[in-house]
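**Q** If it helps, the file is called protein32.csv and holds CSV, C-alpha atoms:
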```csv
chain,number,residue,atom,x,y,z
D,1,MET,CA,115.5,84.5,144.0
D,2,PRO,CA,113.3,86.1,146.7
D,3,THR,CA,115.0,88.9,148.6
D,4,THR,CA,114.1,91.8,150.7
D,5,ARG,CA,114.2,95.3,149.1
D,6,THR,CA,117.3,96.9,150.7
D,7,LEU,CA,116.7,95.1,154.0
D,8,ARG,CA,119.5,93.4,155.7
D,9,SER,CA,119.0,90.5,158.1
D,10,GLY,CA,118.7,92.7,161.2
D,11,GLU,CA,116.1,95.1,159.8
D,12,PHE,CA,114.1,92.1,158.3
D,13,ILE,CA,114.0,90.4,161.8
D,14,VAL,CA,113.0,93.7,163.5
D,15,LEU,CA,110.3,94.4,160.9
D,16,THR,CA,108.9,90.9,161.1
D,17,ALA,CA,108.8,91.1,164.9
D,18,CYS,CA,107.0,94.5,164.7
D,19,ILE,CA,104.4,92.9,162.4
D,20,MET,CA,103.9,90.0,164.7
D,21,LEU,CA,103.9,92.1,167.9
D,22,LEU,CA,100.7,93.8,166.7
D,23,THR,CA,99.0,90.5,167.9
D,24,ALA,CA,100.3,91.0,171.4
D,25,LEU,CA,99.7,94.7,171.4
D,26,ALA,CA,96.0,94.1,170.6
D,27,ILE,CA,95.7,92.2,173.8
D,28,ASP,CA,98.2,93.5,176.4
D,29,ILE,CA,97.6,97.2,176.0
D,30,MET,CA,94.0,96.9,177.0
D,31,LEU,CA,94.3,94.6,180.0
D,32,PRO,CA,94.5,97.5,182.4
D,33,ALA,CA,91.2,98.8,181.0
D,34,PHE,CA,89.2,95.8,181.9
D,35,ALA,CA,88.1,97.1,185.3
D,36,GLU,CA,86.9,100.4,183.7
D,37,LEU,CA,85.1,98.4,181.0
D,38,ARG,CA,83.3,96.3,183.7
D,39,ALA,CA,82.2,99.6,185.4
D,40,TYR,CA,81.3,101.2,182.0
D,41,PHE,CA,79.0,98.4,181.0
D,42,GLY,CA,77.6,97.8,184.5
D,43,LEU,CA,79.2,94.4,185.0
D,44,SER,CA,80.2,93.1,188.5
D,45,GLN,CA,83.9,93.4,189.4
D,46,ASP,CA,84.2,89.6,189.6
D,47,SER,CA,82.7,89.1,186.1
D,48,THR,CA,84.7,87.0,183.7
D,49,ALA,CA,83.0,88.6,180.6
D,50,THR,CA,85.9,90.9,179.9
D,51,ALA,CA,88.1,87.8,179.3
D,52,GLN,CA,85.9,87.3,176.2
D,53,ILE,CA,87.6,90.3,174.7
D,54,VAL,CA,90.8,88.2,174.5
D,55,THR,CA,89.0,85.0,173.6
D,56,PHE,CA,87.1,86.6,170.6
D,57,PHE,CA,90.4,88.1,169.3
D,58,PHE,CA,92.0,84.6,169.5
D,59,LEU,CA,88.9,83.1,167.7
D,60,GLY,CA,89.5,85.5,164.9
D,61,GLN,CA,92.7,83.6,164.2
D,62,VAL,CA,90.5,81.1,162.4
D,63,GLY,CA,91.2,83.5,159.5
D,64,GLN,CA,94.6,81.9,159.2
D,65,ILE,CA,93.0,78.9,157.4
D,66,ILE,CA,91.7,81.4,154.8
D,67,PHE,CA,94.8,83.6,154.5
D,68,GLY,CA,97.2,80.7,154.3
D,69,PRO,CA,96.1,79.4,150.9
D,70,LEU,CA,95.7,83.0,149.7
D,71,SER,CA,99.3,83.7,150.6
D,72,ASP,CA,100.4,80.6,148.7
D,73,ARG,CA,98.4,81.8,145.7
D,74,PHE,CA,98.8,85.5,145.6
D,75,GLY,CA,102.0,86.0,147.6
D,76,ARG,CA,102.8,87.2,151.1
D,77,LEU,CA,102.5,90.9,150.5
D,78,ALA,CA,98.9,90.8,149.3
D,79,VAL,CA,97.8,89.0,152.5
D,80,LEU,CA,100.0,91.3,154.6
D,81,ARG,CA,98.2,94.4,153.3
D,82,THR,CA,94.8,92.8,153.8
D,83,GLY,CA,95.8,92.0,157.4
D,84,PHE,CA,96.7,95.6,158.1
D,85,ALA,CA,93.4,96.9,156.7
D,86,LEU,CA,91.3,94.5,158.9
D,87,TYR,CA,93.4,95.1,162.0
D,88,ILE,CA,93.1,98.9,161.7
D,89,ALA,CA,89.3,98.8,160.9
D,90,GLY,CA,88.5,96.4,163.7
D,91,SER,CA,90.5,98.4,166.2
D,92,VAL,CA,88.6,101.6,165.3
D,93,ALA,CA,85.3,99.8,165.4
D,94,ALA,CA,86.0,98.3,168.8
D,95,ALA,CA,86.8,101.8,170.2
D,96,LEU,CA,83.5,103.2,168.8
D,97,ALA,CA,81.3,100.3,169.7
D,98,PRO,CA,78.3,101.2,172.0
D,99,ASN,CA,78.0,97.8,173.7
D,100,LEU,CA,80.1,94.8,174.7
D,101,ASN,CA,78.6,92.5,172.0
D,102,LEU,CA,79.7,94.9,169.2
D,103,ILE,CA,83.1,95.2,170.9
D,104,LEU,CA,83.4,91.4,170.8
D,105,ALA,CA,82.5,91.3,167.1
D,106,ALA,CA,85.0,94.0,166.3
D,107,ARG,CA,87.7,92.2,168.3
D,108,PHE,CA,87.0,89.1,166.1
D,109,VAL,CA,87.8,91.3,163.0
D,110,VAL,CA,91.0,92.5,164.7
D,111,GLY,CA,91.9,88.9,165.2
D,112,MET,CA,91.2,88.1,161.6
D,113,GLY,CA,93.6,90.9,160.6
D,114,ALA,CA,96.2,89.7,163.0
D,115,ALA,CA,95.8,86.2,161.5
D,116,ALA,CA,96.6,87.5,158.1
D,117,LEU,CA,99.7,89.4,159.5
D,118,THR,CA,100.9,86.3,161.3
D,119,VAL,CA,100.5,84.0,158.3
D,120,ALA,CA,102.3,86.4,156.0
D,121,ALA,CA,105.1,87.0,158.5
D,122,VAL,CA,105.7,83.4,159.4
D,123,ALA,CA,105.5,82.2,155.8
D,124,GLY,CA,107.9,85.0,154.8
D,125,VAL,CA,110.4,83.7,157.4
D,126,ARG,CA,110.0,80.2,156.1
D,127,ASP,CA,110.6,81.4,152.5
D,128,ARG,CA,113.9,82.9,153.5
D,129,PHE,CA,115.2,80.5,156.2
D,130,ALA,CA,115.1,76.8,157.0
D,131,GLY,CA,116.3,74.4,159.7
D,132,ASP,CA,118.1,75.7,162.9
D,133,LYS,CA,118.6,79.1,161.2
D,134,MET,CA,114.8,79.5,161.0
D,135,ALA,CA,114.4,78.5,164.7
D,136,ARG,CA,117.1,81.0,165.7
D,137,THR,CA,115.5,83.7,163.6
D,138,MET,CA,112.1,83.0,165.1
D,139,SER,CA,113.7,83.2,168.6
D,140,LEU,CA,115.1,86.6,167.8
D,141,VAL,CA,111.8,87.7,166.4
D,142,MET,CA,110.0,86.5,169.6
D,143,THR,CA,112.6,88.3,171.8
D,144,ILE,CA,111.6,91.6,170.3
D,145,PHE,CA,107.9,90.6,170.1
D,146,LEU,CA,107.9,89.8,173.9
D,147,PHE,CA,108.9,93.3,174.9
D,148,VAL,CA,105.2,94.1,174.2
D,149,PRO,CA,103.9,92.5,177.4
D,150,VAL,CA,106.5,94.6,179.3
D,151,ILE,CA,105.6,98.0,178.0
D,152,ALA,CA,102.0,97.6,176.6
D,153,PRO,CA,100.2,97.5,180.0
D,154,LEU,CA,102.3,100.5,181.1
D,155,ILE,CA,101.2,102.4,178.0
D,156,GLY,CA,97.6,101.3,178.5
D,157,ALA,CA,97.7,102.5,182.2
D,158,ALA,CA,99.3,105.8,181.2
D,159,ILE,CA,96.6,106.4,178.5
D,160,LEU,CA,93.8,105.5,181.1
D,161,SER,CA,95.2,108.2,183.4
D,162,VAL,CA,94.4,110.9,180.9
D,163,ALA,CA,91.8,109.4,178.6
D,164,PRO,CA,88.9,107.0,178.5
D,165,TRP,CA,89.2,103.3,177.6
D,166,GLN,CA,88.3,104.0,174.0
D,167,ALA,CA,91.7,105.7,173.5
D,168,VAL,CA,93.4,102.5,174.6
D,169,PHE,CA,91.5,100.5,172.0
D,170,LEU,CA,92.5,103.0,169.3
D,171,THR,CA,96.2,102.9,170.1
D,172,PRO,CA,96.9,99.5,168.3
D,173,ALA,CA,95.5,101.0,165.1
D,174,LEU,CA,98.0,103.9,165.3
D,175,PHE,CA,100.9,101.5,165.7
D,176,ALA,CA,99.6,99.4,162.8
D,177,VAL,CA,99.6,102.4,160.5
D,178,ILE,CA,103.2,103.1,161.3
D,179,ILE,CA,104.3,99.5,160.8
D,180,LEU,CA,102.3,99.4,157.5
D,181,LEU,CA,104.3,102.3,156.1
D,182,TRP,CA,107.5,100.6,157.1
D,183,SER,CA,106.4,97.3,155.5
D,184,PHE,CA,106.5,98.9,152.1
D,185,ARG,CA,110.3,98.3,152.2
D,186,LEU,CA,109.6,94.5,151.9
D,187,SER,CA,109.5,92.8,148.6
D,188,GLU,CA,107.7,89.6,147.8
D,189,SER,CA,109.4,86.4,149.0
D,190,LEU,CA,107.3,83.9,147.1
D,191,PRO,CA,108.1,84.1,143.4
D,192,PRO,CA,105.3,83.5,140.8
D,193,GLU,CA,106.7,80.1,139.7
D,194,ARG,CA,106.3,78.7,143.3
D,195,ARG,CA,102.8,79.9,143.8
D,196,LEU,CA,99.9,77.4,144.0
D,197,GLN,CA,96.6,77.6,142.0
D,198,LEU,CA,93.6,78.5,144.1
D,199,ASN,CA,91.2,75.7,143.2
D,200,PRO,CA,89.6,72.8,145.1
D,201,SER,CA,92.0,70.2,143.8
D,202,THR,CA,95.1,72.2,144.7
D,203,LEU,CA,93.6,73.2,148.1
D,204,PHE,CA,92.8,69.5,148.8
D,205,ARG,CA,96.3,68.4,147.8
D,206,SER,CA,98.1,71.0,149.9
D,207,THR,CA,95.9,70.4,152.9
D,208,ARG,CA,96.4,66.7,152.6
D,209,SER,CA,100.1,67.2,152.3
D,210,VAL,CA,100.2,69.3,155.5
D,211,LEU,CA,97.9,67.1,157.5
D,212,GLY,CA,99.6,64.0,156.2
D,213,SER,CA,102.9,65.0,157.9
D,214,SER,CA,103.2,63.3,161.2
D,215,VAL,CA,105.9,65.7,162.1
D,216,PHE,CA,103.7,68.7,161.4
D,217,MET,CA,100.8,67.3,163.3
D,218,ARG,CA,102.8,66.3,166.4
D,219,TYR,CA,104.4,69.7,166.8
D,220,THR,CA,101.1,71.5,166.1
D,221,LEU,CA,99.3,69.5,168.7
D,222,MET,CA,102.1,70.3,171.1
D,223,SER,CA,101.7,74.1,170.5
D,224,THR,CA,98.0,73.8,170.9
D,225,VAL,CA,97.9,72.2,174.3
D,226,LEU,CA,100.6,74.6,175.6
D,227,PHE,CA,98.8,77.6,174.3
D,228,SER,CA,95.6,76.7,176.3
D,229,ALA,CA,97.3,77.5,179.6
D,230,PHE,CA,99.2,80.4,178.1
D,231,SER,CA,96.0,82.1,176.8
D,232,SER,CA,94.2,81.4,180.1
D,233,TYR,CA,96.8,83.4,182.0
D,234,VAL,CA,96.7,86.3,179.6
D,235,GLY,CA,92.9,86.5,179.7
D,236,SER,CA,92.6,86.3,183.4
D,237,ALA,CA,95.8,87.9,184.7
D,238,GLU,CA,94.1,91.3,185.4
D,239,ARG,CA,91.2,89.6,187.4
D,240,MET,CA,93.5,87.2,189.3
D,241,ILE,CA,95.7,90.0,190.5
D,242,GLY,CA,92.9,92.6,191.0
D,243,GLU,CA,90.1,90.4,192.4
D,244,ILE,CA,91.4,87.1,193.7
D,245,TYR,CA,94.5,88.6,195.3
D,246,GLY,CA,93.0,92.1,195.8
D,247,ARG,CA,96.0,94.0,194.5
D,248,PRO,CA,95.0,95.8,191.3
D,249,ASP,CA,97.8,98.3,191.9
D,250,LEU,CA,100.3,95.5,191.2
D,251,PHE,CA,98.9,94.3,187.9
D,252,VAL,CA,101.1,96.4,185.5
D,253,LEU,CA,104.2,95.6,187.5
D,254,ILE,CA,103.6,91.9,187.7
D,255,PHE,CA,102.6,91.6,184.0
D,256,ALA,CA,105.6,93.6,182.9
D,257,ALA,CA,107.9,91.4,185.1
D,258,VAL,CA,106.5,88.3,183.5
D,259,GLY,CA,107.0,89.8,180.0
D,260,ILE,CA,110.7,90.6,180.8
D,261,THR,CA,111.2,87.0,181.9
D,262,MET,CA,109.6,85.8,178.7
D,263,ALA,CA,111.8,88.0,176.5
D,264,GLY,CA,114.9,86.8,178.3
D,265,PHE,CA,114.0,83.1,177.7
D,266,THR,CA,113.5,83.6,173.9
D,267,PHE,CA,116.9,85.2,173.7
D,268,LEU,CA,118.4,82.3,175.7
D,269,ASN,CA,116.6,79.9,173.4
D,270,ALA,CA,118.4,81.3,170.4
D,271,SER,CA,121.7,80.4,172.1
D,272,LEU,CA,120.4,77.0,173.1
D,273,VAL,CA,119.4,76.2,169.5
D,274,GLY,CA,122.8,77.3,168.2
D,275,ARG,CA,124.5,75.0,170.7
D,276,PHE,CA,122.3,71.9,171.0
D,277,GLY,CA,120.0,72.1,168.0
D,278,THR,CA,116.2,72.7,167.8
D,279,GLN,CA,114.9,69.3,168.9
D,280,ARG,CA,117.2,68.8,171.9
D,281,SER,CA,116.6,72.3,173.1
D,282,LEU,CA,112.8,71.8,172.8
D,283,ARG,CA,112.9,68.6,174.9
D,284,GLY,CA,115.0,70.2,177.6
D,285,LEU,CA,112.6,73.1,177.8
D,286,LEU,CA,109.5,70.9,178.0
D,287,LEU,CA,111.1,68.8,180.8
D,288,ALA,CA,111.7,72.0,182.7
D,289,TYR,CA,108.1,73.2,182.0
D,290,LEU,CA,106.6,70.0,183.4
D,291,LEU,CA,108.7,70.1,186.5
D,292,VAL,CA,107.8,73.8,187.2
D,293,ALA,CA,104.1,73.0,186.5
D,294,CYS,CA,104.1,70.1,188.9
D,295,LEU,CA,105.7,72.4,191.5
D,296,LEU,CA,103.0,75.1,190.9
D,297,LEU,CA,100.3,72.5,191.2
D,298,ALA,CA,101.7,71.1,194.5
D,299,PHE,CA,101.9,74.6,196.1
D,300,THR,CA,98.4,75.5,194.9
D,301,LEU,CA,97.0,72.3,196.4
D,302,PHE,CA,98.9,72.7,199.6
D,303,GLN,CA,97.7,76.3,200.0
D,304,ASN,CA,94.0,75.6,199.3
D,305,GLY,CA,93.9,77.0,195.8
D,306,ILE,CA,95.5,80.4,196.4
D,307,PRO,CA,99.2,80.1,196.9
D,308,THR,CA,101.4,83.0,198.1
D,309,MET,CA,101.1,85.7,195.5
D,310,PHE,CA,104.9,86.2,194.9
D,311,LEU,CA,105.4,82.4,194.6
D,312,PHE,CA,102.5,81.9,192.3
D,313,PHE,CA,103.5,84.6,189.7
D,314,ALA,CA,107.2,83.7,189.9
D,315,LEU,CA,106.4,80.1,188.8
D,316,VAL,CA,103.9,81.4,186.3
D,317,ALA,CA,106.5,83.7,184.8
D,318,LEU,CA,108.8,80.7,184.4
D,319,LEU,CA,106.0,78.7,182.7
D,320,GLN,CA,105.0,81.5,180.4
D,321,SER,CA,108.7,82.1,179.5
D,322,ILE,CA,109.5,78.4,178.8
D,323,HIS,CA,106.3,78.3,176.7
D,324,VAL,CA,107.3,81.1,174.3
D,325,ALA,CA,110.8,79.7,174.0
D,326,ALA,CA,109.5,76.2,173.2
D,327,SER,CA,106.9,77.6,170.8
D,328,SER,CA,109.7,79.0,168.6
D,329,ASN,CA,111.2,75.5,168.3
D,330,SER,CA,108.0,73.6,167.9
D,331,GLY,CA,106.9,76.0,165.2
D,332,ALA,CA,110.1,75.6,163.3
D,333,LEU,CA,109.9,71.8,163.6
D,334,ALA,CA,106.3,71.8,162.4
D,335,LEU,CA,107.0,74.0,159.3
D,336,GLU,CA,110.4,72.4,158.4
D,337,PRO,CA,108.8,69.7,156.1
D,338,MET,CA,106.8,72.4,154.3
D,339,GLN,CA,108.1,74.3,151.3
D,340,SER,CA,105.6,75.6,148.7
D,341,THR,CA,102.8,74.9,151.2
D,342,ALA,CA,104.3,77.0,153.9
D,343,GLY,CA,101.4,79.4,153.9
D,344,MET,CA,98.8,76.6,154.3
D,345,ALA,CA,101.0,75.0,157.0
D,346,ALA,CA,101.4,78.2,158.9
D,347,ALA,CA,97.6,78.7,158.6
D,348,ILE,CA,96.7,75.3,160.0
D,349,ASN,CA,99.3,75.5,162.7
D,350,GLY,CA,98.2,79.0,163.8
D,351,THR,CA,94.5,78.2,163.6
D,352,ALA,CA,95.0,75.1,165.7
D,353,PHE,CA,96.8,76.7,168.6
D,354,PHE,CA,95.2,80.1,168.5
D,355,VAL,CA,91.5,78.9,168.1
D,356,ILE,CA,91.5,75.5,169.7
D,357,GLY,CA,94.0,76.5,172.3
D,358,SER,CA,92.2,79.7,173.2
D,359,MET,CA,88.9,77.8,173.5
D,360,MET,CA,90.5,75.4,176.0
D,361,GLY,CA,92.0,78.5,177.7
D,362,ALA,CA,88.5,80.1,177.9
D,363,PHE,CA,87.2,77.0,179.6
D,364,ILE,CA,90.0,77.3,182.2
D,365,ASP,CA,89.1,81.0,182.5
D,366,SER,CA,85.5,80.1,183.3
D,367,LEU,CA,86.6,78.0,186.3
D,368,LEU,CA,88.9,80.7,187.8
D,369,ILE,CA,86.3,82.1,190.2
D,370,ASP,CA,87.9,82.0,193.6
D,371,SER,CA,90.7,79.5,193.2
D,372,LEU,CA,93.8,79.3,191.0
D,373,LEU,CA,93.7,75.5,191.0
D,374,PRO,CA,92.2,75.2,187.4
D,375,LEU,CA,95.1,77.1,185.9
D,376,ALA,CA,97.7,75.1,187.9
D,377,VAL,CA,96.1,71.9,186.6
D,378,GLY,CA,96.0,73.3,183.1
D,379,TYR,CA,99.8,73.9,183.1
D,380,ALA,CA,100.6,70.5,184.5
D,381,VAL,CA,98.3,68.6,182.0
D,382,ALA,CA,99.7,70.7,179.0
D,383,GLY,CA,103.3,70.1,180.1
D,384,LEU,CA,102.8,66.3,180.4
D,385,ILE,CA,101.1,66.0,177.0
D,386,ALA,CA,103.7,68.2,175.3
D,387,LEU,CA,106.6,66.3,176.7
D,388,LEU,CA,105.1,63.0,175.6
D,389,LEU,CA,104.7,64.4,172.1
D,390,ALA,CA,108.3,65.6,172.0
D,391,TYR,CA,109.5,62.0,172.5
D,392,THR,CA,107.1,60.6,170.0
D,393,GLY,CA,108.6,59.5,166.6
D,394,GLN,CA,112.1,59.4,165.5
D,395,ALA,CA,114.6,62.2,166.4
D,396,ARG,CA,115.4,64.2,163.3
D,397,SER,CA,117.9,66.9,162.4
D,398,LEU,CA,116.8,70.0,160.6
D,399,ALA,CA,118.2,70.7,157.2
D,400,ALA,CA,120.7,73.4,156.6
D,401,PRO,CA,119.3,76.6,155.2
D,402,PRO,CA,119.1,76.6,151.4
D,403,ALA,CA,121.4,78.9,149.5
D,404,ALA,CA,118.6,81.1,148.5
D,405,ALA,CA,117.4,81.6,152.0
D,406,ALA,CA,120.9,82.4,153.3
D,407,SER,CA,121.5,84.9,150.6
D,408,SER,CA,118.2,86.7,151.2
D,409,ALA,CA,119.4,88.0,154.5
D,410,ASP,CA,122.8,89.2,153.5
```
Please go through the file and, once you have read it, give me the structure as structure tokens.
**A**
Amino acid sequence: MPTTRTLRSGEFIVLTACIMLLTALAIDIMLPAFAELRAYFGLSQDSTATAQIVTFFFLGQVGQIIFGPLSDRFGRLAVLRTGFALYIAGSVAAALAPNLNLILAARFVVGMGAAALTVAAVAGVRDRFAGDKMARTMSLVMTIFLFVPVIAPLIGAAILSVAPWQAVFLTPALFAVIILLWSFRLSESLPPERRLQLNPSTLFRSTRSVLGSSVFMRYTLMSTVLFSAFSSYVGSAERMIGEIYGRPDLFVLIFAAVGITMAGFTFLNASLVGRFGTQRSLRGLLLAYLLVACLLLAFTLFQNGIPTMFLFFALVALLQSIHVAASSNSGALALEPMQSTAGMAAAINGTAFFVIGSMMGAFIDSLLIDSLLPLAVGYAVAGLIALLLAYTGQARSLAAPPAAAASSAD
């Protein structure tokens, strides 16, 4: 029976959140450094090239499709350790890179490492929990995870006040070393008898099993379209505030305020799931998302592409917050049918919304030159598609957590 080594439920949730927050830390802490990077490499202040630092990190998430099968074959801990190694090495390489192209290559490696960490963490949660309990657990994990957007830009700005941008790029590696040492308290959650053979036949069957699930595909597509607008905001927030609105002094405060709102919504989602169930909560959240997105689009059109700054970011904060709450539910619903193929399922799910979603987000970024209309349209289209997907197929109840899963968190 898979258990954690001396870890109770609370410590397991916090440790899992810390492993996953390395993904957010690798992005958010360096956003305040983008202006300095543009100056350092001789780019114009309205250049969108720095957004590629975020995009290449997200593209590195394609590694999930590799690490998923590996975690199903060799266990979650082996993949977790590999992820830490890639993440730390890539962070150091990015800090030492002499040009932007090498930074982008290193950021891809960091993304690969984060992909391994995410696959191992999510599959580990699925090994231990199922049903509404998994959704509530992921909501609590995301609540902790989302404090990173609150404090990471503040840390990045503080470092920049006393050190060059390279120190900001090194900081995630330092955090990763600390969390790596803590992770040695975890034991393997996938016992040998449940592991899959790593051969073409087994890979084909597990992939076919995952892709053949209409439930999995529906909720994965939902996560992907929602992530496109989410990633566009993350990649362009610094330039929107600093260049389009001309208030770079407000970037850290606005980004932190959005992060606080996001964390609050994931905590609220845990309560909603406990009261209404995962699917009903998700549908309600997506309806609210679409209404807010349409409101943002209307204001943006009415004010010629640049709405009042406070109004714009207040509505964006709601959209980003609803997104992260909904993502916990859609992820739980996508992985619910999966058991021994949880690693492959987490890999395909993560690759789809990180890689495909970030590519769509990068397209939106490229249009954000002197108007915010492309982002407003992106939110509205994503909300409409996601809501339609939520009402596709038969409503279903998630299964109760298995006894083994429940006992593992005692």
**Q** Near stretch 65-68 of chain D, counting all atoms listed in the file, which residues have an atom at most 12 Å away, once you skip same-chain residues fewer than 5 positions from it, shown as a ChimeraX atom specification?
**A** /D:59-60,73-83,112-124,195-196,198,203,206-207,210,340-352,354-355
**Q** Taking (93.7, 105.8, 169.8) in the file's coordinates as the center, which residues reach within 12 Å of it, counting all atoms listed in the file, put as a PyMOL selection string?
**A** chain D and resi 26+29-30+88+91-96+155-156+159-160+163-177
**Q** Can you tell me, as AutoDock Vina command-line options, the centre and edge lengths (Å, one decimal) of the axis-aligned box enclosing all of stretch 180-190 of chain D's listed atoms after padding each side by 6 Å?
**A**
```
--center_x 106.3 --center_y 93.1 --center_z 152.3 --size_x 20.0 --size_y 30.4 --size_z 22.4
```
**Q** As an exercise, work out the distance from atom CA of D:Val381 to atom CA of D:Leu226 in Å and give it to one decimal place.
**A**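 It comes out at 9.1 Å.
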**Q** Go through D:Ala105, D:Met359, D:Ile13, D:Leu301 one by one, measure the shortest atom-to-atom distance of each to D:Gly235 using only C-alpha atoms, and give the residue with the smallest value.
**A**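 Closest candidate: D:Met359.
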**Q** Hey, can you check how far atom CA of D:Asp127 sits from atom CA of D:Glu188?
**A** 9.9 Å
**Q** For the atom pair atom CA of D:Ile254 and atom CA of D:Ser223, what is the interatomic distance in Å to one decimal place?
**A**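 Between these atoms lies a distance of 24.8 Å.
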**Q** So, counting all atoms listed in the file, which residue among D:Gly331, D:Gly111, D:Gly277, D:Gly357 is closest to D:Val225?
**A**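 Closest to D:Val225, using all atoms listed in the file: D:Gly357.
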**Q** Closest to D:Phe313 among D:Thr261, D:Ser271, D:Ser328, D:Thr224, using only C-alpha atoms?
**A**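 Of all the options, D:Thr261 lies closest to D:Phe313.
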**Q** Ranking D:Arg136, D:Arg38, D:Arg185, D:His323 by minimum distance to D:Asn99 and counting all atoms listed in the file, which one comes first?
**A**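 For D:Asn99, the nearest of the candidates is D:Arg38.
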**Q** Restricting the calculation to all atoms listed in the file, which member of D:Pro191, D:Met138, D:Gln279, D:Leu37 is positioned closest to D:Ser71?
**A** D:Pro191
